[in-house]
Amino acid sequence: MNDMSETSGRNSVEIRQLDLSFGAVKVLQDLNLDIHEGEFLVLLGSSGCGKSTLLNCIAGLLEITDGQIWIKGENVTWSEPSERGIGMVFQSYALYPQMTVEGNLTFGLRNARVPKDEIARRVARAAEVLQIQPLLKRKPGALSGGQRQRVAIGRALVRDVDVFLFDEPLSNLDAKLRADLRVELKRLHQQLQNTMIYVTHDQIEAMTLADRIAIMKGGKIMQLGSPDEIYNRPQNIYVADFIGSPSMNFMAGRLERGTFVTEDLRLPMEDYEFSAPQVSDGPAILGIRPEHVVTGGLVQSAPVQTSVPVDLVEPMGSDTLVYAQLGGDKFRIRMDGHATVRIGETLPIGLVPAKGSLFDKTSEKRL
């Protein structure tokens, strides 16, 4: 295990060359991650990618195979969870049903022999921040799902720690309540300015909550960046396909002297921002998001125009999703909710290559 004598003062949590294996199965592989002071970092990925496992390693709930974990400049790799200065909120509320809300909030503090006046101060502060003052004398059975999750967050909040860990805390709630609590979590972070590490498979939660997102796959971080960077400049096809609903459209072709060429189209890439000063010609894949496809009266102003046969139409209220075919591949288009499109018709569209994402076909990395 490599030694690390000092850490950056602006980082709240630092992970160095972290490995975790269960027998012969490698779950996390040579993972490095810096989480800044006061940052809201989201670990995002599909089931089994390692995001919750990584969170449990930070919390000390899993013993790592190799590497180091630093919190607030202290090496906590082998420290007990209670010694790491973290508060954790789980997917399940895990409240004591026989205790009142106030009892659940104070239980850990009383066991730690925190003075009564300090307990009262912390509970009052948490109750005010989470707006659960009227619930303090109730038991969990008399609370709604959203209220229970607020209490679970409050139980972490009263610990008065610098780092909060959230393991899919909203996944058990219905869609509306999830959206409401998402807003409350964002306000909570703005108010407290604590470091928060949040695990989810929901990209909407990630995009709306995060200062930065770490997208994981197979125990590795595929891209780390702001929501804007992740959305507009995905560094590989996996990230490009994972972020966005509906998913990005992909077209196979070749890059030839600054032009992306398919069997049916030629898309000039002179306004595209390449990742390197010089990019070699060769097989490539161009991704274009459904919302960046131009329709209606703006088609004629687009650099490239074509038309596609419409296979399916999904009215979504504010938007209309159109499923079509382009070059024999599925092609999705997001249109205005007032758009009138019928199955079987041919729809004129415009493409703006500069808004696309160009990837090398072999490495699947951004060009």
# chains A, B, ... in the order shown; residues from 1 in each chain; ligands from 1
call {"tool": "residues_around", "arguments": {"residues": "A:Ile15", "least_positions_apart": "2", "cutoff": "6 Å", "atoms": "only C-alpha atoms", "output": "PyMOL selection string"}}
result
chain A and resi 32-33+68-69
call {"tool": "residues_around", "arguments": {"residues": "A:Ala94", "least_positions_apart": "5", "cutoff": "10 Å", "atoms": "only C-alpha atoms", "output": "VMD selection string"}}
result
chain A and resid 89 104 140 148 to 149 152
call {"tool": "closest_atom_pairs", "arguments": {"of": "stretch 45-130 of chain A", "to": "stretch 196-200 of chain A", "cutoff": "12 Å", "atoms": "only C-alpha atoms", "output": "JSON lines"}}
result
{"residue": "A:Gly45", "atom": "CA", "partner": "A:Thr200", "partner_atom": "CA", "distance": 7.1}
{"residue": "A:Ser46", "atom": "CA", "partner": "A:Thr200", "partner_atom": "CA", "distance": 8.5}
{"residue": "A:Ser47", "atom": "CA", "partner": "A:Thr200", "partner_atom": "CA", "distance": 9.4}
{"residue": "A:Gly48", "atom": "CA", "partner": "A:Thr200", "partner_atom": "CA", "distance": 11.7}
{"residue": "A:Cys49", "atom": "CA", "partner": "A:Thr200", "partner_atom": "CA", "distance": 11.0}
{"residue": "A:Gly50", "atom": "CA", "partner": "A:Val199", "partner_atom": "CA", "distance": 10.0}
{"residue": "A:Lys51", "atom": "CA", "partner": "A:Val199", "partner_atom": "CA", "distance": 6.3}
{"residue": "A:Ser52", "atom": "CA", "partner": "A:Val199", "partner_atom": "CA", "distance": 6.3}
{"residue": "A:Thr53", "atom": "CA", "partner": "A:Val199", "partner_atom": "CA", "distance": 9.8}
{"residue": "A:Leu54", "atom": "CA", "partner": "A:Val199", "partner_atom": "CA", "distance": 9.3}
{"residue": "A:Leu55", "atom": "CA", "partner": "A:Val199", "partner_atom": "CA", "distance": 7.5}
{"residue": "A:Asn56", "atom": "CA", "partner": "A:Val199", "partner_atom": "CA", "distance": 10.4}
{"residue": "A:Ile58", "atom": "CA", "partner": "A:Ile197", "partner_atom": "CA", "distance": 9.7}
{"residue": "A:Ala59", "atom": "CA", "partner": "A:Ile197", "partner_atom": "CA", "distance": 10.6}
{"residue": "A:Ile86", "atom": "CA", "partner": "A:Met196", "partner_atom": "CA", "distance": 9.7}
{"residue": "A:Gly87", "atom": "CA", "partner": "A:Met196", "partner_atom": "CA", "distance": 9.5}
{"residue": "A:Met88", "atom": "CA", "partner": "A:Ile197", "partner_atom": "CA", "distance": 9.5}
{"residue": "A:Val89", "atom": "CA", "partner": "A:Tyr198", "partner_atom": "CA", "distance": 9.4}
{"residue": "A:Phe90", "atom": "CA", "partner": "A:Val199", "partner_atom": "CA", "distance": 9.9}
{"residue": "A:Gln91", "atom": "CA", "partner": "A:Val199", "partner_atom": "CA", "distance": 9.8}
call {"tool": "write_last_selection", "arguments": {"atoms": "all heavy atoms", "output": "short mmCIF file (atom, residue, chain, number, x, y, z; two decimals), in the first residue's frame"}}
result
data_model
loop_
_atom_site.label_atom_id
_atom_site.label_comp_id
_atom_site.auth_asym_id
_atom_site.auth_seq_id
_atom_site.Cartn_x
_atom_site.Cartn_y
_atom_site.Cartn_z
N GLY A 45 -24.60 5.59 -11.52
CA GLY A 45 -24.36 4.43 -12.37
C GLY A 45 -25.49 3.43 -12.25
O GLY A 45 -26.36 3.55 -11.38
N SER A 46 -25.46 2.44 -13.11
CA SER A 46 -26.49 1.41 -13.08
C SER A 46 -26.21 0.45 -11.93
O SER A 46 -25.15 0.49 -11.29
CB SER A 46 -26.52 0.66 -14.41
OG SER A 46 -25.24 0.13 -14.70
N SER A 47 -27.16 -0.44 -11.65
CA SER A 47 -27.01 -1.41 -10.56
C SER A 47 -25.78 -2.28 -10.79
O SER A 47 -25.54 -2.74 -11.91
CB SER A 47 -28.26 -2.30 -10.47
OG SER A 47 -29.39 -1.53 -10.16
N GLY A 48 -25.00 -2.47 -9.72
CA GLY A 48 -23.82 -3.32 -9.80
C GLY A 48 -22.56 -2.62 -10.26
O GLY A 48 -21.52 -3.28 -10.43
N CYS A 49 -22.60 -1.30 -10.43
CA CYS A 49 -21.42 -0.59 -10.94
C CYS A 49 -20.39 -0.32 -9.84
O CYS A 49 -19.24 0.04 -10.14
CB CYS A 49 -21.82 0.72 -11.61
SG CYS A 49 -22.40 2.00 -10.47
N GLY A 50 -20.79 -0.44 -8.57
CA GLY A 50 -19.85 -0.23 -7.47
C GLY A 50 -20.05 1.05 -6.69
O GLY A 50 -19.30 1.33 -5.75
N LYS A 51 -21.09 1.82 -7.02
CA LYS A 51 -21.26 3.12 -6.36
C LYS A 51 -21.59 2.99 -4.88
O LYS A 51 -20.99 3.68 -4.03
CB LYS A 51 -22.33 3.94 -7.09
CG LYS A 51 -23.69 3.28 -7.23
CD LYS A 51 -24.60 4.08 -8.14
CE LYS A 51 -26.00 3.48 -8.18
NZ LYS A 51 -26.01 2.11 -8.74
N SER A 52 -22.53 2.12 -4.51
CA SER A 52 -22.85 1.93 -3.09
C SER A 52 -21.70 1.25 -2.36
O SER A 52 -21.44 1.56 -1.18
CB SER A 52 -24.12 1.09 -2.94
OG SER A 52 -25.27 1.80 -3.36
N THR A 53 -20.99 0.38 -3.04
CA THR A 53 -19.82 -0.26 -2.44
C THR A 53 -18.77 0.77 -2.08
O THR A 53 -18.18 0.74 -0.99
CB THR A 53 -19.24 -1.31 -3.41
OG1 THR A 53 -20.23 -2.27 -3.71
CG2 THR A 53 -18.03 -1.99 -2.80
N LEU A 54 -18.53 1.71 -3.00
CA LEU A 54 -17.57 2.78 -2.73
C LEU A 54 -18.01 3.62 -1.54
O LEU A 54 -17.20 3.96 -0.66
CB LEU A 54 -17.40 3.66 -3.97
CG LEU A 54 -16.51 4.89 -3.81
CD1 LEU A 54 -15.10 4.50 -3.34
CD2 LEU A 54 -16.44 5.68 -5.12
N LEU A 55 -19.29 3.94 -1.48
CA LEU A 55 -19.80 4.73 -0.35
C LEU A 55 -19.60 3.99 0.96
O LEU A 55 -19.20 4.58 1.97
CB LEU A 55 -21.28 5.04 -0.57
CG LEU A 55 -21.85 6.17 0.31
CD1 LEU A 55 -21.41 7.52 -0.23
CD2 LEU A 55 -23.36 6.12 0.37
N ASN A 56 -19.86 2.69 0.96
CA ASN A 56 -19.67 1.88 2.17
C ASN A 56 -18.20 1.79 2.57
O ASN A 56 -17.89 1.67 3.76
CB ASN A 56 -20.26 0.49 1.97
CG ASN A 56 -21.78 0.49 1.99
OD1 ASN A 56 -22.40 1.29 2.68
ND2 ASN A 56 -22.38 -0.41 1.23
N ILE A 58 -16.03 4.28 2.08
CA ILE A 58 -15.76 5.58 2.71
C ILE A 58 -16.30 5.60 4.13
O ILE A 58 -15.67 6.13 5.05
CB ILE A 58 -16.39 6.71 1.86
CG1 ILE A 58 -15.75 6.78 0.48
CG2 ILE A 58 -16.24 8.06 2.57
CD1 ILE A 58 -16.44 7.72 -0.49
N ALA A 59 -17.47 4.98 4.32
CA ALA A 59 -18.09 4.96 5.65
C ALA A 59 -17.39 4.01 6.61
O ALA A 59 -17.60 4.09 7.82
CB ALA A 59 -19.56 4.58 5.52
N ILE A 86 -18.36 11.06 9.93
CA ILE A 86 -19.34 11.05 8.84
C ILE A 86 -20.73 10.77 9.40
O ILE A 86 -20.90 10.17 10.46
CB ILE A 86 -18.99 10.00 7.76
CG1 ILE A 86 -18.80 8.60 8.39
CG2 ILE A 86 -17.73 10.39 7.01
CD1 ILE A 86 -19.92 7.66 8.20
N GLY A 87 -21.74 11.24 8.68
CA GLY A 87 -23.13 10.91 8.97
C GLY A 87 -23.71 10.23 7.74
O GLY A 87 -23.49 10.70 6.62
N MET A 88 -24.42 9.13 7.92
CA MET A 88 -24.90 8.36 6.77
C MET A 88 -26.40 8.21 6.78
O MET A 88 -27.00 7.97 7.83
CB MET A 88 -24.23 6.98 6.76
CG MET A 88 -24.45 6.21 5.47
SD MET A 88 -23.21 4.92 5.22
CE MET A 88 -23.65 4.32 3.59
N VAL A 89 -27.00 8.36 5.61
CA VAL A 89 -28.44 8.17 5.41
C VAL A 89 -28.61 7.03 4.41
O VAL A 89 -28.11 7.09 3.29
CB VAL A 89 -29.11 9.45 4.88
CG1 VAL A 89 -30.61 9.22 4.71
CG2 VAL A 89 -28.85 10.62 5.82
N PHE A 90 -29.35 5.99 4.83
CA PHE A 90 -29.50 4.80 4.01
C PHE A 90 -30.78 4.86 3.18
O PHE A 90 -31.66 5.70 3.39
CB PHE A 90 -29.53 3.55 4.89
CG PHE A 90 -28.25 3.30 5.64
CD1 PHE A 90 -28.09 3.78 6.93
CD2 PHE A 90 -27.21 2.60 5.06
CE1 PHE A 90 -26.92 3.56 7.63
CE2 PHE A 90 -26.03 2.38 5.75
CZ PHE A 90 -25.88 2.85 7.04
N GLN A 91 -30.88 3.91 2.25
CA GLN A 91 -32.09 3.79 1.43
C GLN A 91 -33.30 3.47 2.31
O GLN A 91 -34.38 4.02 2.13
CB GLN A 91 -31.88 2.69 0.39
CG GLN A 91 -33.06 2.48 -0.54
CD GLN A 91 -32.75 1.45 -1.61
OE1 GLN A 91 -31.61 1.09 -1.84
NE2 GLN A 91 -33.78 0.96 -2.26
#
call {"tool": "residues_around", "arguments": {"residues": "A:Asp66", "least_positions_apart": "6", "cutoff": "9 Å", "atoms": "only C-alpha atoms", "output": "list of chain:residue names"}}
result
A:Met1, A:Gln17, A:Leu18, A:Asp19, A:Leu20, A:Asp30
call {"tool": "closest_residue", "arguments": {"among": "A:Thr106, A:Arg138, A:Gly218, A:Glu364", "to": "A:Gln29", "atoms": "only C-alpha atoms"}}
result
A:Gly218
call {"tool": "closest_residue", "arguments": {"among": "A:Asp202, A:Glu314, A:Glu184, A:Asp319", "to": "A:Arg342", "atoms": "only C-alpha atoms"}}
result
A:Glu314
call {"tool": "residues_around", "arguments": {"residues": "stretch 34-36 of chain A", "least_positions_apart": "3", "cutoff": "8 Å", "atoms": "only C-alpha atoms", "output": "list of chain:residue names"}}
result
A:Arg10, A:Asn11, A:Ser12, A:Val13, A:Glu14, A:Ile15, A:Glu39, A:Leu41, A:Thr195
call {"tool": "select_by_dssp", "arguments": {"residues": "stretch 60-287 of chain A", "states": "strand (DSSP E)", "output": "PyMOL selection string"}}
result
chain A and resi 66-71+74-75+86-89+163-167+195-200+212-217+220-225+249-256+259-261+266-268+282-287
call {"tool": "atom_distance", "arguments": {"atom1": "atom CA of A:Leu43", "atom2": "atom CA of A:Leu209"}}
result
11.2 Å
call {"tool": "closest_residue", "arguments": {"among": "A:Arg266, A:Lys361, A:His338, A:Arg257", "to": "A:Ala284", "atoms": "only C-alpha atoms"}}
result
A:Lys361
